[in-house]
$ cat structure11.tsv   # TSV, N, CA and C atoms
chain	number	residue	atom	x	y	z
A	22	MET	N	118.66	99.34	-29.34
A	22	MET	CA	117.82	99.37	-28.16
A	22	MET	C	117.12	100.74	-28.12
A	23	SER	N	115.83	100.71	-27.84
A	23	SER	CA	115.06	101.95	-27.84
A	23	SER	C	115.34	102.75	-26.57
A	24	LYS	N	115.03	104.02	-26.67
A	24	LYS	CA	115.23	104.90	-25.52
A	24	LYS	C	114.35	104.48	-24.35
A	25	ALA	N	113.12	104.02	-24.67
A	25	ALA	CA	112.21	103.57	-23.61
A	25	ALA	C	112.81	102.40	-22.86
A	26	ARG	N	113.40	101.45	-23.59
A	26	ARG	CA	114.00	100.28	-22.94
A	26	ARG	C	115.19	100.70	-22.07
A	27	LEU	N	116.00	101.64	-22.58
A	27	LEU	CA	117.14	102.13	-21.81
A	27	LEU	C	116.68	102.79	-20.51
A	28	VAL	N	115.65	103.61	-20.63
A	28	VAL	CA	115.16	104.34	-19.46
A	28	VAL	C	114.58	103.38	-18.42
A	29	ILE	N	113.77	102.45	-18.86
A	29	ILE	CA	113.16	101.50	-17.92
A	29	ILE	C	114.24	100.64	-17.28
A	30	THR	N	115.24	100.20	-18.04
A	30	THR	CA	116.33	99.40	-17.50
A	30	THR	C	117.09	100.20	-16.44
A	31	ALA	N	117.33	101.48	-16.74
A	31	ALA	CA	118.08	102.31	-15.79
A	31	ALA	C	117.31	102.47	-14.49
A	32	VAL	N	115.99	102.62	-14.56
A	32	VAL	CA	115.20	102.85	-13.35
A	32	VAL	C	114.96	101.55	-12.59
A	33	ILE	N	114.56	100.50	-13.29
A	33	ILE	CA	114.15	99.27	-12.60
A	33	ILE	C	115.35	98.37	-12.30
A	34	ALA	N	116.18	98.07	-13.29
A	34	ALA	CA	117.29	97.13	-13.08
A	34	ALA	C	118.44	97.77	-12.30
A	35	GLU	N	118.79	99.00	-12.66
A	35	GLU	CA	119.93	99.66	-12.01
A	35	GLU	C	119.53	100.37	-10.72
A	36	GLY	N	118.25	100.62	-10.54
A	36	GLY	CA	117.78	101.26	-9.32
A	36	GLY	C	118.05	102.75	-9.24
A	37	ARG	N	118.30	103.40	-10.38
A	37	ARG	CA	118.55	104.84	-10.37
A	37	ARG	C	117.23	105.58	-10.21
A	38	SER	N	117.29	106.80	-9.72
A	38	SER	CA	116.07	107.59	-9.52
A	38	SER	C	115.55	108.09	-10.86
A	39	GLN	N	114.24	108.33	-10.91
A	39	GLN	CA	113.64	108.81	-12.15
A	39	GLN	C	114.19	110.19	-12.52
A	40	ARG	N	114.43	111.02	-11.53
A	40	ARG	CA	114.97	112.36	-11.79
A	40	ARG	C	116.35	112.27	-12.43
A	41	GLU	N	117.19	111.39	-11.88
A	41	GLU	CA	118.55	111.23	-12.40
A	41	GLU	C	118.53	110.71	-13.84
A	42	VAL	N	117.67	109.73	-14.10
A	42	VAL	CA	117.57	109.15	-15.45
A	42	VAL	C	117.01	110.19	-16.43
A	43	ALA	N	116.04	110.98	-15.97
A	43	ALA	CA	115.46	112.02	-16.83
A	43	ALA	C	116.54	113.01	-17.26
A	44	ARG	N	117.37	113.42	-16.34
A	44	ARG	CA	118.45	114.35	-16.66
A	44	ARG	C	119.47	113.70	-17.60
A	45	ALA	N	119.82	112.45	-17.34
A	45	ALA	CA	120.84	111.76	-18.13
A	45	ALA	C	120.41	111.55	-19.58
A	46	TYR	N	119.15	111.23	-19.79
A	46	TYR	CA	118.68	110.92	-21.14
A	46	TYR	C	117.93	112.08	-21.80
A	47	GLY	N	117.75	113.19	-21.10
A	47	GLY	CA	117.10	114.36	-21.68
A	47	GLY	C	115.62	114.16	-21.95
A	48	VAL	N	114.94	113.48	-21.05
A	48	VAL	CA	113.49	113.25	-21.18
A	48	VAL	C	112.80	113.76	-19.92
A	49	SER	N	111.48	113.85	-19.98
A	49	SER	CA	110.76	114.36	-18.81
A	49	SER	C	110.54	113.25	-17.79
A	50	GLN	N	110.47	113.67	-16.56
A	50	GLN	CA	110.26	112.72	-15.46
A	50	GLN	C	108.87	112.10	-15.55
A	51	SER	N	107.89	112.86	-16.03
A	51	SER	CA	106.54	112.32	-16.14
A	51	SER	C	106.48	111.21	-17.20
A	52	TRP	N	107.26	111.34	-18.28
A	52	TRP	CA	107.30	110.29	-19.30
A	52	TRP	C	107.90	109.02	-18.72
A	53	ILE	N	108.93	109.18	-17.91
A	53	ILE	CA	109.55	108.01	-17.26
A	53	ILE	C	108.55	107.35	-16.33
A	54	SER	N	107.80	108.14	-15.59
A	54	SER	CA	106.79	107.57	-14.68
A	54	SER	C	105.76	106.76	-15.47
A	55	ARG	N	105.31	107.30	-16.60
A	55	ARG	CA	104.34	106.57	-17.43
A	55	ARG	C	104.94	105.28	-17.97
A	56	LEU	N	106.21	105.34	-18.42
A	56	LEU	CA	106.86	104.14	-18.94
A	56	LEU	C	107.01	103.06	-17.88
A	57	VAL	N	107.43	103.46	-16.70
A	57	VAL	CA	107.62	102.48	-15.62
A	57	VAL	C	106.28	101.87	-15.22
A	58	ALA	N	105.24	102.69	-15.13
A	58	ALA	CA	103.91	102.17	-14.78
A	58	ALA	C	103.42	101.21	-15.86
A	59	ARG	N	103.62	101.56	-17.12
A	59	ARG	CA	103.20	100.69	-18.21
A	59	ARG	C	103.99	99.38	-18.19
A	60	PHE	N	105.31	99.45	-17.89
A	60	PHE	CA	106.13	98.24	-17.83
A	60	PHE	C	105.65	97.33	-16.70
A	61	ARG	N	105.29	97.92	-15.58
A	61	ARG	CA	104.82	97.09	-14.46
A	61	ARG	C	103.48	96.44	-14.77
A	62	ARG	N	102.63	97.11	-15.55
A	62	ARG	CA	101.32	96.56	-15.95
A	62	ARG	C	101.45	95.52	-17.05
A	63	GLN	N	102.25	95.83	-18.09
A	63	GLN	CA	102.25	95.02	-19.31
A	63	GLN	C	103.50	94.17	-19.50
A	64	GLY	N	104.54	94.42	-18.75
A	64	GLY	CA	105.78	93.67	-18.94
A	64	GLY	C	106.47	94.09	-20.22
A	65	GLU	N	107.01	93.11	-20.97
A	65	GLU	CA	107.76	93.39	-22.19
A	65	GLU	C	106.90	94.05	-23.26
A	66	ALA	N	105.60	93.89	-23.22
A	66	ALA	CA	104.71	94.50	-24.22
A	66	ALA	C	104.76	96.03	-24.15
A	67	ALA	N	105.26	96.58	-23.07
A	67	ALA	CA	105.36	98.03	-22.92
A	67	ALA	C	106.35	98.63	-23.92
A	68	PHE	N	107.24	97.80	-24.46
A	68	PHE	CA	108.25	98.30	-25.39
A	68	PHE	C	107.77	98.32	-26.84
A	69	GLU	N	106.65	97.67	-27.12
A	69	GLU	CA	106.13	97.63	-28.48
A	69	GLU	C	105.63	99.01	-28.90
A	70	PRO	N	105.80	99.38	-30.17
A	70	PRO	CA	105.29	100.67	-30.64
A	70	PRO	C	103.76	100.70	-30.52
A	71	ARG	N	103.22	101.82	-30.11
A	71	ARG	CA	101.78	101.96	-29.93
A	71	ARG	C	101.25	103.03	-30.86
A	72	SER	N	100.03	102.84	-31.31
A	72	SER	CA	99.41	103.82	-32.19
A	72	SER	C	99.07	105.08	-31.41
A	73	ARG	N	99.21	106.22	-32.07
A	73	ARG	CA	98.86	107.49	-31.45
A	73	ARG	C	97.52	107.99	-31.97
A	74	ARG	N	96.86	107.14	-32.77
A	74	ARG	CA	95.58	107.51	-33.34
A	74	ARG	C	94.53	107.59	-32.24
A	75	PRO	N	93.67	108.58	-32.28
A	75	PRO	CA	92.62	108.66	-31.26
A	75	PRO	C	91.66	107.48	-31.36
A	76	LYS	N	91.10	107.09	-30.24
A	76	LYS	CA	90.18	105.96	-30.22
A	76	LYS	C	88.85	106.30	-30.90
A	77	SER	N	88.48	107.55	-30.90
A	77	SER	CA	87.24	107.96	-31.57
A	77	SER	C	87.44	109.33	-32.21
A	78	SER	N	86.53	109.65	-33.11
A	78	SER	CA	86.56	110.94	-33.78
A	78	SER	C	85.16	111.53	-33.67
A	79	PRO	N	84.89	112.30	-32.63
A	79	PRO	CA	83.53	112.76	-32.37
A	79	PRO	C	82.98	113.69	-33.45
A	80	THR	N	83.84	114.30	-34.24
A	80	THR	CA	83.35	115.22	-35.27
A	80	THR	C	83.15	114.55	-36.63
A	81	ALA	N	83.47	113.26	-36.73
A	81	ALA	CA	83.29	112.55	-38.01
A	81	ALA	C	81.80	112.43	-38.31
A	82	ILE	N	81.48	112.46	-39.60
A	82	ILE	CA	80.08	112.33	-39.96
A	82	ILE	C	79.71	110.85	-39.96
A	83	PRO	N	78.45	110.53	-39.69
A	83	PRO	CA	78.03	109.11	-39.61
A	83	PRO	C	78.22	108.38	-40.95
A	84	GLN	N	78.42	107.08	-40.86
A	84	GLN	CA	78.63	106.27	-42.05
A	84	GLN	C	77.42	106.32	-42.99
A	85	SER	N	76.23	106.45	-42.40
A	85	SER	CA	75.03	106.53	-43.24
A	85	SER	C	75.06	107.80	-44.11
A	86	THR	N	75.59	108.89	-43.58
A	86	THR	CA	75.71	110.13	-44.34
A	86	THR	C	76.75	109.98	-45.45
A	87	VAL	N	77.84	109.26	-45.16
A	87	VAL	CA	78.86	109.02	-46.17
A	87	VAL	C	78.25	108.21	-47.32
A	88	GLY	N	77.46	107.20	-46.98
A	88	GLY	CA	76.78	106.42	-48.02
A	88	GLY	C	75.83	107.27	-48.84
A	89	LEU	N	75.13	108.18	-48.17
A	89	LEU	CA	74.20	109.07	-48.86
A	89	LEU	C	74.93	110.02	-49.81
A	90	ILE	N	76.11	110.51	-49.39
A	90	ILE	CA	76.92	111.37	-50.25
A	90	ILE	C	77.32	110.62	-51.51
A	91	CYS	N	77.78	109.39	-51.35
A	91	CYS	CA	78.19	108.59	-52.51
A	91	CYS	C	77.00	108.28	-53.41
A	92	GLN	N	75.86	107.97	-52.82
A	92	GLN	CA	74.66	107.67	-53.60
A	92	GLN	C	74.19	108.91	-54.38
A	93	LEU	N	74.19	110.07	-53.73
A	93	LEU	CA	73.82	111.30	-54.41
A	93	LEU	C	74.76	111.59	-55.58
A	94	ARG	N	76.03	111.35	-55.39
A	94	ARG	CA	77.01	111.58	-56.46
A	94	ARG	C	76.67	110.72	-57.68
A	95	ARG	N	76.41	109.42	-57.41
A	95	ARG	CA	76.07	108.51	-58.51
A	95	ARG	C	74.76	108.90	-59.18
A	96	ASP	N	73.74	109.21	-58.39
A	96	ASP	CA	72.43	109.56	-58.94
A	96	ASP	C	72.49	110.83	-59.78
A	97	LEU	N	73.13	111.87	-59.25
A	97	LEU	CA	73.21	113.14	-59.98
A	97	LEU	C	74.02	112.98	-61.26
A	98	ALA	N	75.12	112.24	-61.18
A	98	ALA	CA	75.96	112.05	-62.37
A	98	ALA	C	75.23	111.23	-63.43
A	99	SER	N	74.46	110.23	-63.00
A	99	SER	CA	73.73	109.40	-63.98
A	99	SER	C	72.62	110.19	-64.67
A	100	GLN	N	72.09	111.23	-64.01
A	100	GLN	CA	71.05	112.07	-64.60
A	100	GLN	C	71.64	113.19	-65.46
A	101	GLY	N	72.98	113.26	-65.50
A	101	GLY	CA	73.63	114.30	-66.29
A	101	GLY	C	73.66	115.64	-65.59
A	102	LEU	N	73.43	115.66	-64.28
A	102	LEU	CA	73.43	116.90	-63.52
A	102	LEU	C	74.78	117.13	-62.87
A	103	ASP	N	74.99	118.35	-62.39
A	103	ASP	CA	76.21	118.67	-61.65
A	103	ASP	C	76.24	117.82	-60.38
A	104	ALA	N	77.35	117.12	-60.16
A	104	ALA	CA	77.48	116.25	-59.00
A	104	ALA	C	78.67	116.66	-58.15
A	105	GLY	N	78.94	117.97	-58.07
A	105	GLY	CA	80.06	118.47	-57.29
A	105	GLY	C	79.72	118.59	-55.82
A	106	PRO	N	80.70	118.87	-55.00
A	106	PRO	CA	80.49	118.98	-53.56
A	106	PRO	C	79.45	120.02	-53.16
A	107	ASP	N	79.43	121.17	-53.85
A	107	ASP	CA	78.44	122.20	-53.52
A	107	ASP	C	77.02	121.70	-53.75
A	108	THR	N	76.81	121.04	-54.87
A	108	THR	CA	75.48	120.53	-55.20
A	108	THR	C	75.06	119.43	-54.23
A	109	ILE	N	75.98	118.54	-53.91
A	109	ILE	CA	75.66	117.45	-52.98
A	109	ILE	C	75.34	118.02	-51.60
A	110	ALA	N	76.13	119.00	-51.15
A	110	ALA	CA	75.86	119.61	-49.84
A	110	ALA	C	74.49	120.29	-49.85
A	111	TRP	N	74.13	120.92	-50.97
A	111	TRP	CA	72.81	121.56	-51.07
A	111	TRP	C	71.70	120.52	-50.99
A	112	HIS	N	71.83	119.40	-51.73
A	112	HIS	CA	70.83	118.34	-51.69
A	112	HIS	C	70.70	117.74	-50.29
A	113	LEU	N	71.82	117.56	-49.62
A	113	LEU	CA	71.78	117.03	-48.25
A	113	LEU	C	71.00	117.96	-47.34
A	114	ALA	N	71.26	119.26	-47.47
A	114	ALA	CA	70.58	120.23	-46.60
A	114	ALA	C	69.10	120.37	-46.94
A	115	GLN	N	68.77	120.46	-48.23
A	115	GLN	CA	67.39	120.72	-48.64
A	115	GLN	C	66.49	119.50	-48.56
A	116	HIS	N	66.99	118.35	-48.98
A	116	HIS	CA	66.14	117.17	-49.08
A	116	HIS	C	66.27	116.21	-47.91
A	117	HIS	N	67.38	116.27	-47.19
A	117	HIS	CA	67.62	115.31	-46.12
A	117	HIS	C	67.80	115.96	-44.75
A	118	GLY	N	67.88	117.28	-44.72
A	118	GLY	CA	68.04	117.98	-43.44
A	118	GLY	C	69.37	117.73	-42.77
A	119	ILE	N	70.39	117.44	-43.56
A	119	ILE	CA	71.73	117.16	-43.02
A	119	ILE	C	72.67	118.27	-43.45
A	120	SER	N	73.35	118.88	-42.49
A	120	SER	CA	74.28	119.96	-42.79
A	120	SER	C	75.71	119.42	-42.78
A	121	VAL	N	76.32	119.41	-43.97
A	121	VAL	CA	77.70	118.94	-44.12
A	121	VAL	C	78.43	119.97	-44.96
A	122	SER	N	79.65	120.32	-44.58
A	122	SER	CA	80.42	121.30	-45.34
A	122	SER	C	80.83	120.74	-46.69
A	123	THR	N	81.04	121.62	-47.64
A	123	THR	CA	81.47	121.18	-48.97
A	123	THR	C	82.86	120.55	-48.92
A	124	ALA	N	83.69	121.02	-48.00
A	124	ALA	CA	85.02	120.42	-47.85
A	124	ALA	C	84.91	118.97	-47.39
A	125	SER	N	83.98	118.70	-46.46
A	125	SER	CA	83.78	117.33	-45.99
A	125	SER	C	83.24	116.46	-47.11
A	126	VAL	N	82.29	116.99	-47.88
A	126	VAL	CA	81.74	116.23	-49.00
A	126	VAL	C	82.87	115.89	-49.98
A	127	SER	N	83.70	116.85	-50.29
A	127	SER	CA	84.81	116.64	-51.21
A	127	SER	C	85.77	115.59	-50.66
A	128	ARG	N	86.08	115.67	-49.38
A	128	ARG	CA	87.00	114.72	-48.75
A	128	ARG	C	86.46	113.30	-48.84
A	129	TYR	N	85.17	113.11	-48.53
A	129	TYR	CA	84.59	111.77	-48.55
A	129	TYR	C	84.44	111.25	-49.98
A	130	LEU	N	84.19	112.12	-50.94
A	130	LEU	CA	84.14	111.68	-52.34
A	130	LEU	C	85.52	111.20	-52.80
A	131	SER	N	86.55	111.90	-52.38
A	131	SER	CA	87.91	111.50	-52.74
A	131	SER	C	88.26	110.16	-52.10
A	132	ARG	N	87.92	109.99	-50.84
A	132	ARG	CA	88.20	108.72	-50.14
A	132	ARG	C	87.50	107.55	-50.80
A	133	ALA	N	86.30	107.80	-51.31
A	133	ALA	CA	85.52	106.73	-51.95
A	133	ALA	C	85.98	106.48	-53.38
A	134	GLY	N	86.90	107.29	-53.88
A	134	GLY	CA	87.41	107.11	-55.23
A	134	GLY	C	86.45	107.59	-56.30
A	135	LEU	N	85.53	108.48	-55.94
A	135	LEU	CA	84.55	108.98	-56.89
A	135	LEU	C	84.98	110.27	-57.58
A	136	VAL	N	86.18	110.75	-57.28
A	136	VAL	CA	86.69	111.98	-57.87
A	136	VAL	C	87.98	111.65	-58.60
A	137	VAL	N	88.07	112.05	-59.84
A	137	VAL	CA	89.30	111.87	-60.61
A	137	VAL	C	90.14	113.12	-60.40
A	138	PRO	N	91.33	112.99	-59.80
A	138	PRO	CA	92.14	114.19	-59.54
A	138	PRO	C	92.61	114.82	-60.84
A	139	THR	N	92.50	116.14	-60.91
A	139	THR	CA	93.00	116.90	-62.05
A	139	THR	C	93.98	117.92	-61.51
A	140	PRO	N	95.28	117.64	-61.61
A	140	PRO	CA	96.26	118.57	-61.04
A	140	PRO	C	96.25	119.89	-61.78
A	141	ALA	N	96.52	120.95	-61.05
A	141	ALA	CA	96.54	122.30	-61.63
A	141	ALA	C	97.79	122.51	-62.48
A	142	LYS	N	98.85	121.76	-62.17
A	142	LYS	CA	100.09	121.90	-62.91
A	142	LYS	C	100.41	120.58	-63.60
A	143	ARG	N	101.07	120.68	-64.75
A	143	ARG	CA	101.52	119.46	-65.41
A	143	ARG	C	102.68	118.87	-64.62
A	144	PRO	N	102.82	117.55	-64.62
A	144	PRO	CA	104.00	116.97	-63.96
A	144	PRO	C	105.28	117.39	-64.69
A	145	ALA	N	106.36	117.50	-63.96
A	145	ALA	CA	107.64	117.87	-64.56
A	145	ALA	C	108.10	116.75	-65.48
A	146	PRO	N	108.69	117.11	-66.62
A	146	PRO	CA	109.16	116.05	-67.53
A	146	PRO	C	110.32	115.29	-66.90
A	147	LEU	N	110.42	114.02	-67.23
A	147	LEU	CA	111.49	113.19	-66.67
A	147	LEU	C	112.80	113.47	-67.40
A	148	HIS	N	113.87	113.39	-66.65
A	148	HIS	CA	115.21	113.57	-67.23
A	148	HIS	C	115.50	112.33	-68.08
A	149	PRO	N	116.02	112.52	-69.32
A	149	PRO	CA	116.18	111.37	-70.21
A	149	PRO	C	117.16	110.31	-69.72
A	150	LEU	N	118.17	110.68	-68.93
A	150	LEU	CA	119.17	109.71	-68.49
A	150	LEU	C	118.81	109.06	-67.16
A	151	SER	N	118.35	109.85	-66.21
A	151	SER	CA	118.10	109.30	-64.88
A	151	SER	C	116.67	108.81	-64.68
A	152	GLY	N	115.73	109.30	-65.47
A	152	GLY	CA	114.34	108.90	-65.30
A	152	GLY	C	113.64	109.59	-64.17
A	153	SER	N	114.27	110.63	-63.60
A	153	SER	CA	113.64	111.38	-62.51
A	153	SER	C	113.48	112.84	-62.93
A	154	PRO	N	112.61	113.59	-62.25
A	154	PRO	CA	112.44	115.01	-62.59
A	154	PRO	C	113.74	115.79	-62.38
A	155	PRO	N	113.98	116.82	-63.19
A	155	PRO	CA	115.20	117.62	-63.03
A	155	PRO	C	115.17	118.37	-61.71
A	156	GLN	N	116.35	118.61	-61.17
A	156	GLN	CA	116.49	119.29	-59.87
A	156	GLN	C	116.54	120.78	-60.05

$ encode --input "structure11.tsv" --output "structure tokens"
Amino acid sequence: MSKARLVITAVIAEGRSQREVARAYGVSQSWISRLVARFRRQGEAAFEPRSRRPKSSPTAIPQSTVGLICQLRRDLASQGLDAGPDTIAWHLAQHHGISVSTASVSRYLSRAGLVVPTPAKRPAPLHPLSGSPPQ
């Protein structure tokens, strides 16, 4: 049984005060208030795990810019030119008037699978008996 279910049961079914339950279970009273309010609104659905992901990301670059980054990568690479994040960011700024950091360009290229990772270190050799890296 989850802690949320225990807390809501203690407050609603047993009739204990939120302050008393907060002390007993080591949680904040404001969290209990939110749980009880959510239970009254949603019923049993209040116990389901909820995503903590933000509903929007105001600093994300537009999808059209992501497409342009990928297209520039393909075009520059097919012409035999440097197609790294610095070059793509320069082309975006000079030819398209879009300012994007090289870190963002690199991140979106990786997400699109257009970058082959080259680790700086070799992987550790596997142990011959266990098949895992040595400790």

$ residues_around --input "structure11.tsv" --residues "Ser54 of chain A" --least-positions-apart "5" --cutoff "7 Å" --atoms "all atoms listed in the file" --output "number ranges by chain"
A: 39, 49, 59

$ select_by_dssp --input "structure11.tsv" --residues "segment 30-148 of chain A" --states "helix (DSSP H, G or I)" --output "ChimeraX atom specification"
/A:30-34,39-46,50-68,84-99,106-117,123-132

$ atom_distance --input "structure11.tsv" --atom1 "atom C of Val136 of chain A" --atom2 "atom CA of Thr108 of chain A"
15.7 Å

$ residues_near_point --input "structure11.tsv" --point "(113.7, 97.7, -25.7)" --cutoff "8 Å" --atoms "only N, CA and C atoms" --output "number ranges by chain"
A: 22-27, 67-69

$ atom_distance --input "structure11.tsv" --atom1 "atom N of Val121 of chain A" --atom2 "atom C of Arg74 of chain A"
24.7 Å

$ atom_distance --input "structure11.tsv" --atom1 "atom CA of Arg73 of chain A" --atom2 "atom CA of Cys91 of chain A"
29.5 Å

$ closest_residue --input "structure11.tsv" --among "A:Arg71, A:Thr80, A:Ile29, A:Gly105" --to "Ile53 of chain A" --atoms "all atoms listed in the file"
A:Ile29
